[in-house]
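*Asks:* Sharing a structure with you now.
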Amino acid sequence: MRVTVTKDDITRALRHIGVASGDVLLVHSSLSALGYVEGGANAVIDALLEAVGTNGTVMVPTITGRPEHGPDCPPEFDVRHSASWTGIVPETFRRRPDALRSLHPTHSVAAIGPKAAFLVANHERSSTPCGRDTPYGRLVSLGGKVLLLGVDHNRSTLFHHVEEEASLAYHLQVQPVVARVTGVDGVQEETPPIYLHDWSTPRDFNRLEPALINGGAELVGTVGKAPTRLIDAARMVEIALAALAKDPSALLPAGYTPRAAVGDEFAVPIKRLEEGRDLPLPAYATAGSSGMDLRAAIREPMVIMPGRFALVPVGISIALPAGYEGQIRPRSGLAAKAGVTTLNSPGTVDSDYRGPIQVVLANHGSEPFTVNRGDRIAQLVIAPVARIRWEEREDLPDTERGEGGFGHTGV
């Protein structure tokens, strides 16, 4: 039996599930999931706009990115003509005369309402598709909501914003690209170097739905025939980041292991602190180096007496992706020539630490050691970290070694 749905039916159902006047709403939708809609996609759009009222804003993803886009195939985008693959509702929405569309070459959005201009502005100049200074990050800052109309969380682009906030290594391509975008005036421009989405890793965002519901971030209802979810964007990001802090694979299919990072280069956000403004960033000395040299960011020479140690700033803070650590290790040359090493070796920089990096430098030599500004004092090695959960047992599996230790194999 065919279910017929009208614009007014949709508006009432949206308000019943919690869409309110003044809301800023990111909508992912499936027209066919609703049933037969009188007036088609335009009726759905009219219902959405009526539900949020004249002081509310509706935004839809008009994504054009494809897996082949990258350094060897930079995307080209025309805000007037580039069709999205996100469904008939977004395609119809973006063509409306009052809709504003962002110029990002792969992850554009279209928006209607008083916040539309703010949401779409300069999206093409953002270094990543879904970061804080994009429509997706701005949705969170505005206290917006995500509406999944007949689709599940695997269609929710806001989860890519979560991946960027967590600096997940698998989310973005390693090399930036320069894309070409054409605006409403027909003028084509090049973007600054930007990082594109990496399509090679499968996701399963639905794994987080129980946590979203239990955490009060998600309401569930029905619009027409369509299962519908209304999610508080800021609360969703908070819950998802907490889950990733415990399990960096929380957004991946259960049991899936992303490709090994060994040998792969990926971008890590770094901030120069005031004391390190004029110093080089940490760098590999050779193509085969495992560690990057850290330099002393001190204003005046520092003397470390024999048998003493000092805390030496290096003028940076970093945001490692979940699942990685930074190891602060000694430089072999300093250890061999002067007996100078790092006291807690290796020191650890956790992935959720955002403070200044400092080195505990110890002098085990027989002479005072002077540290000057810019001296290479330690190495930073970035390494993957395994996370485990304990499984308590009365007995452990046997091995040939058993309980032998402390020199049991001889001297």
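Lettering and numbering for the structure tokens are positional, with chains as A, B, ... in the shown order, residues counted from 1 in each chain, and ligands counted from 1 in the shown order.
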Give me the residues within 10 Å of A:Ala338 as a list in words, counting only C-alpha atoms and dropping any in the same chain fewer than 6 places off.
*Replies:*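 Listing them by chain and then by number gives Ser332, Asn363, His364, Gly365, Ser366, Glu367, Pro368 and Phe369 of chain A.
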*Asks:* Keeping only N, CA and C atoms, take the residues you just selected and write them out as a compact mmCIF listing (two decimals), in the first residue's frame.
*Replies:*
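Final file, again-v7.txt:
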```txt
# COMPACT_ATOMS: atom_id res chain seq x y z
N SER A 332 72.54 10.81 19.94
CA SER A 332 73.71 9.96 20.22
C SER A 332 74.99 10.77 20.29
N ASN A 363 72.98 16.11 32.46
CA ASN A 363 74.42 16.09 32.21
C ASN A 363 75.07 15.02 33.08
N HIS A 364 75.42 13.88 32.44
CA HIS A 364 76.11 12.80 33.16
C HIS A 364 77.62 12.88 32.94
N GLY A 365 78.08 13.93 32.26
CA GLY A 365 79.51 14.09 32.01
C GLY A 365 80.23 14.70 33.20
N SER A 366 81.50 14.99 32.98
CA SER A 366 82.33 15.53 34.06
C SER A 366 82.55 17.03 33.96
N GLU A 367 82.05 17.66 32.88
CA GLU A 367 82.23 19.08 32.67
C GLU A 367 80.88 19.78 32.54
N PRO A 368 80.81 21.08 32.90
CA PRO A 368 79.57 21.82 32.65
C PRO A 368 79.23 21.80 31.15
N PHE A 369 77.96 21.75 30.87
CA PHE A 369 77.51 21.71 29.47
C PHE A 369 76.64 22.93 29.20
```
*Asks:* May I ask for the distance between atom CA of A:Val151 and atom CA of A:Asn42, given in Å to one decimal place?
*Replies:*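 Separation of atom CA of A:Val151 and atom CA of A:Asn42: 18.4 Å.
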*Asks:* Could you pull out the residues in stretch 69-243 of chain A that DSSP calls strand (DSSP E) from the backbone, as an MDAnalysis selection string?
*Replies:* chainID A and resid 76:78 100:101 109:112 145:149 180:182 188:190 218:223 226:232
*Asks:* Put those residues in a file: N, CA and C atoms, as a short mmCIF file (atom, residue, chain, number, x, y, z; two decimals), in the first residue's frame.
*Replies:*
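Below you can see part03.cif, which holds the result:
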```cif
data_model
loop_
_atom_site.label_atom_id
_atom_site.label_comp_id
_atom_site.auth_asym_id
_atom_site.auth_seq_id
_atom_site.Cartn_x
_atom_site.Cartn_y
_atom_site.Cartn_z
N GLU A 76 38.14 19.86 -10.13
CA GLU A 76 37.67 21.15 -10.65
C GLU A 76 36.20 21.27 -10.29
N PHE A 77 35.79 22.45 -9.86
CA PHE A 77 34.44 22.63 -9.32
C PHE A 77 33.86 23.93 -9.83
N ASP A 78 32.62 23.87 -10.28
CA ASP A 78 31.87 25.05 -10.71
C ASP A 78 30.63 25.14 -9.85
N LEU A 100 22.64 29.56 -1.10
CA LEU A 100 24.06 29.88 -1.24
C LEU A 100 24.84 28.58 -1.14
N ARG A 101 25.81 28.42 -2.04
CA ARG A 101 26.59 27.19 -2.06
C ARG A 101 28.06 27.52 -1.83
N VAL A 109 28.60 22.60 0.48
CA VAL A 109 27.24 22.57 1.03
C VAL A 109 26.45 23.70 0.39
N ALA A 110 25.13 23.59 0.49
CA ALA A 110 24.24 24.69 0.12
C ALA A 110 23.38 25.01 1.32
N ALA A 111 23.05 26.29 1.49
CA ALA A 111 22.30 26.71 2.67
C ALA A 111 21.32 27.81 2.32
N ILE A 112 20.19 27.81 3.04
CA ILE A 112 19.17 28.86 2.92
C ILE A 112 18.83 29.33 4.32
N LYS A 145 22.05 21.38 14.58
CA LYS A 145 21.60 19.99 14.67
C LYS A 145 21.80 19.29 13.33
N VAL A 146 21.88 17.96 13.39
CA VAL A 146 21.94 17.13 12.19
C VAL A 146 20.64 16.36 12.09
N LEU A 147 19.99 16.42 10.92
CA LEU A 147 18.77 15.67 10.68
C LEU A 147 19.06 14.59 9.66
N LEU A 148 18.87 13.33 10.06
CA LEU A 148 19.04 12.20 9.15
C LEU A 148 17.64 11.71 8.78
N LEU A 149 17.21 12.08 7.60
CA LEU A 149 15.84 11.86 7.16
C LEU A 149 15.80 10.65 6.24
N ARG A 180 40.86 23.89 -8.78
CA ARG A 180 40.29 25.04 -9.47
C ARG A 180 38.80 25.11 -9.16
N VAL A 181 38.35 26.30 -8.75
CA VAL A 181 36.94 26.48 -8.43
C VAL A 181 36.41 27.70 -9.19
N THR A 182 35.18 27.59 -9.67
CA THR A 182 34.53 28.67 -10.39
C THR A 182 33.34 29.16 -9.59
N GLN A 188 37.16 31.71 -12.59
CA GLN A 188 37.84 30.55 -12.04
C GLN A 188 39.07 30.97 -11.27
N GLU A 189 39.26 30.37 -10.09
CA GLU A 189 40.42 30.66 -9.26
C GLU A 189 41.02 29.36 -8.76
N GLU A 190 42.28 29.44 -8.36
CA GLU A 190 42.94 28.30 -7.72
C GLU A 190 42.81 28.41 -6.21
N GLU A 218 20.86 12.23 20.63
CA GLU A 218 20.04 11.81 19.49
C GLU A 218 18.61 11.50 19.90
N LEU A 219 17.68 12.03 19.12
CA LEU A 219 16.27 11.70 19.23
C LEU A 219 15.86 10.92 17.97
N VAL A 220 14.97 9.96 18.15
CA VAL A 220 14.57 9.09 17.05
C VAL A 220 13.07 9.19 16.83
N GLY A 221 12.66 9.24 15.58
CA GLY A 221 11.24 9.30 15.25
C GLY A 221 11.01 8.83 13.83
N THR A 222 9.85 9.18 13.28
CA THR A 222 9.49 8.78 11.92
C THR A 222 8.88 9.98 11.20
N VAL A 223 9.29 10.16 9.96
CA VAL A 223 8.68 11.16 9.08
C VAL A 223 8.20 10.43 7.85
N ALA A 226 9.86 7.16 6.77
CA ALA A 226 11.31 7.19 6.96
C ALA A 226 11.71 7.22 8.43
N PRO A 227 12.53 6.26 8.87
CA PRO A 227 13.16 6.41 10.20
C PRO A 227 13.99 7.69 10.21
N THR A 228 13.86 8.47 11.26
CA THR A 228 14.47 9.80 11.29
C THR A 228 15.22 10.01 12.60
N ARG A 229 16.37 10.63 12.49
CA ARG A 229 17.22 10.90 13.65
C ARG A 229 17.52 12.39 13.70
N LEU A 230 17.40 12.99 14.88
CA LEU A 230 17.76 14.38 15.09
C LEU A 230 18.86 14.42 16.14
N ILE A 231 20.01 14.98 15.76
CA ILE A 231 21.20 14.89 16.60
C ILE A 231 21.71 16.28 16.94
N ASP A 232 22.00 16.51 18.21
CA ASP A 232 22.65 17.74 18.65
C ASP A 232 24.11 17.67 18.21
#
```
*Asks:* Per DSSP on the backbone, what are the helix (DSSP H, G or I) residues of stretch 42-108 of chain A, as a ChimeraX atom specification?
*Replies:* /A:42-52,88-94
*Asks:* Those selected residues, please, written with C-alpha atoms and delivered as a PDB file, in the first residue's frame.
*Replies:*
```pdb
ATOM      1  CA  ASN A  42      10.498  20.757  -3.342  1.00  0.00           C
ATOM      2  CA  ALA A  43       7.805  19.788  -0.844  1.00  0.00           C
ATOM      3  CA  VAL A  44      10.468  18.311   1.458  1.00  0.00           C
ATOM      4  CA  ILE A  45      12.544  21.481   1.195  1.00  0.00           C
ATOM      5  CA  ASP A  46       9.525  23.695   1.873  1.00  0.00           C
ATOM      6  CA  ALA A  47       8.684  21.602   4.940  1.00  0.00           C
ATOM      7  CA  LEU A  48      12.249  21.889   6.264  1.00  0.00           C
ATOM      8  CA  LEU A  49      12.269  25.661   5.813  1.00  0.00           C
ATOM      9  CA  GLU A  50       8.854  25.994   7.436  1.00  0.00           C
ATOM     10  CA  ALA A  51       9.938  23.866  10.400  1.00  0.00           C
ATOM     11  CA  VAL A  52      12.947  26.082  11.204  1.00  0.00           C
ATOM     12  CA  ILE A  88      17.647  14.622  -5.337  1.00  0.00           C
ATOM     13  CA  VAL A  89      16.769  16.787  -2.321  1.00  0.00           C
ATOM     14  CA  PRO A  90      20.230  18.439  -2.134  1.00  0.00           C
ATOM     15  CA  GLU A  91      20.353  18.775  -5.935  1.00  0.00           C
ATOM     16  CA  THR A  92      16.981  20.490  -5.972  1.00  0.00           C
ATOM     17  CA  PHE A  93      17.915  22.586  -2.929  1.00  0.00           C
ATOM     18  CA  ARG A  94      21.147  23.967  -4.396  1.00  0.00           C
TER      19      ARG A  94
END
```
*Asks:* With 12 Å as the cut-off and only C-alpha atoms counted, what is the closest atom pair between each nearby residue of stretch 266-311 of chain A and stretch 353-356 of chain A? Distances in Å to one decimal, ordered by chain and number, as JSON lines.
*Replies:*
```
{"residue": "A:Pro269", "atom": "CA", "partner": "A:Arg354", "partner_atom": "CA", "distance": 10.4}
{"residue": "A:Ile270", "atom": "CA", "partner": "A:Arg354", "partner_atom": "CA", "distance": 9.6}
{"residue": "A:Lys271", "atom": "CA", "partner": "A:Pro356", "partner_atom": "CA", "distance": 9.2}
{"residue": "A:Arg272", "atom": "CA", "partner": "A:Pro356", "partner_atom": "CA", "distance": 9.4}
{"residue": "A:Leu273", "atom": "CA", "partner": "A:Pro356", "partner_atom": "CA", "distance": 7.7}
{"residue": "A:Glu274", "atom": "CA", "partner": "A:Pro356", "partner_atom": "CA", "distance": 10.6}
{"residue": "A:Glu275", "atom": "CA", "partner": "A:Pro356", "partner_atom": "CA", "distance": 10.4}
{"residue": "A:Gly276", "atom": "CA", "partner": "A:Pro356", "partner_atom": "CA", "distance": 10.6}
{"residue": "A:Ala297", "atom": "CA", "partner": "A:Pro356", "partner_atom": "CA", "distance": 11.0}
{"residue": "A:Leu311", "atom": "CA", "partner": "A:Pro356", "partner_atom": "CA", "distance": 11.7}
```
*Asks:* Export C-alpha atoms of the chosen residues as a PDB file, in the first residue's frame?
*Replies:*
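Writing the result to result-v1.pdb gives the following:
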```pdb
ATOM      1  CA  PRO A 269      49.270  19.897  13.061  1.00  0.00           C
ATOM      2  CA  ILE A 270      52.075  21.866  14.726  1.00  0.00           C
ATOM      3  CA  LYS A 271      52.075  25.277  16.407  1.00  0.00           C
ATOM      4  CA  ARG A 272      55.116  27.490  16.802  1.00  0.00           C
ATOM      5  CA  LEU A 273      55.131  29.024  20.258  1.00  0.00           C
ATOM      6  CA  GLU A 274      56.418  32.537  20.867  1.00  0.00           C
ATOM      7  CA  GLU A 275      59.806  31.370  22.105  1.00  0.00           C
ATOM      8  CA  GLY A 276      60.321  29.300  18.948  1.00  0.00           C
ATOM      9  CA  ALA A 297      64.078  27.548  22.355  1.00  0.00           C
ATOM     10  CA  LEU A 311      63.953  21.518  31.587  1.00  0.00           C
TER      11      LEU A 311
END
```
*Asks:* Nearest to A:Tyr36 among A:Pro313, A:Gly224, A:Gly323, A:Gly347, with distances taken over only C-alpha atoms: which residue is it?
*Replies:* A:Gly224
*Asks:* What is the atom CA of A:Leu119 to atom CA of A:Pro135 distance in Å?
*Replies:*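 Interatomic distance here is 4.7 Å.
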*Asks:* Can I get the residues of stretch 138-230 of chain A within 7 Å of stretch 63-74 of chain A, each with the closest pair of atoms and their distance in Å to one decimal, using only C-alpha atoms, sorted chain first then ascending number, as a tab-separated table?
*Replies:*
```
residue	atom	partner	partner_atom	distance
A:Gln175	CA	A:Pro71	CA	6.7
A:Pro176	CA	A:Pro71	CA	6.8
A:Val177	CA	A:Pro71	CA	5.3
A:Val178	CA	A:Pro74	CA	6.7
A:Ala179	CA	A:Pro74	CA	5.5
A:Leu196	CA	A:Gly70	CA	6.9
A:Trp199	CA	A:Pro67	CA	5.6
```
*Asks:* For the selection you just gave me, I'd like the residues written to a file as a compact mmCIF listing (two decimals), in the first residue's frame, keeping N, CA and C atoms.
*Replies:*
```txt
# COMPACT_ATOMS: atom_id res chain seq x y z
N GLN A 175 49.34 14.16 0.63
CA GLN A 175 49.82 15.30 -0.15
C GLN A 175 48.69 16.28 -0.42
N PRO A 176 48.94 17.58 -0.27
CA PRO A 176 47.90 18.57 -0.60
C PRO A 176 47.77 18.74 -2.11
N VAL A 177 46.67 19.32 -2.52
CA VAL A 177 46.44 19.62 -3.93
C VAL A 177 46.03 21.08 -4.07
N VAL A 178 46.19 21.60 -5.27
CA VAL A 178 45.65 22.90 -5.63
C VAL A 178 44.51 22.65 -6.62
N ALA A 179 43.30 23.00 -6.23
CA ALA A 179 42.12 22.75 -7.06
C ALA A 179 41.71 24.04 -7.77
N LEU A 196 42.69 16.69 0.85
CA LEU A 196 41.42 16.09 0.48
C LEU A 196 41.15 14.83 1.31
N TRP A 199 39.64 8.23 0.72
CA TRP A 199 38.50 7.32 0.58
C TRP A 199 38.86 5.86 0.83
```
*Asks:* Please list as a list in words every residue within 9 Å of A:Asp247, counting only C-alpha atoms and excluding residues in the same chain fewer than 3 positions away.
*Replies:* Ala242, Ala243, Leu244, Ala250, Leu251, Ala322, Gly323 and Arg387 of chain A
*Asks:* Work out how far apart atom CA of A:Ala169 and atom CA of A:Pro193 are and give it in Å to one decimal.
*Replies:*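 These two atoms are separated by 18.5 Å.
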*Asks:* Write out as CSV a residue-level contact list of stretch 156-189 of chain A versus stretch 7-26 of chain A with cut-off 12 Å: for each qualifying residue the closest pair of atoms and the distance in Å to one decimal, counting only C-alpha atoms, rows sorted by chain and residue number upward.
*Replies:*
```
residue,atom,partner,partner_atom,distance
A:Ser156,CA,A:Leu26,CA,9.1
A:Thr157,CA,A:Leu26,CA,9.2
A:Leu158,CA,A:Leu26,CA,8.8
```
*Asks:* Just N, CA and C atoms for this one: save the residues we selected as a compact mmCIF listing (two decimals), in the first residue's frame.
*Replies:*
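Listing of part_16.txt after writing:
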```txt
# COMPACT_ATOMS: atom_id res chain seq x y z
N SER A 156 26.34 10.67 7.45
CA SER A 156 26.52 11.92 8.18
C SER A 156 27.93 12.49 7.99
N THR A 157 28.02 13.59 7.26
CA THR A 157 29.32 14.22 6.99
C THR A 157 29.94 14.79 8.25
N LEU A 158 29.14 15.09 9.26
CA LEU A 158 29.69 15.67 10.48
C LEU A 158 30.68 14.72 11.15
```
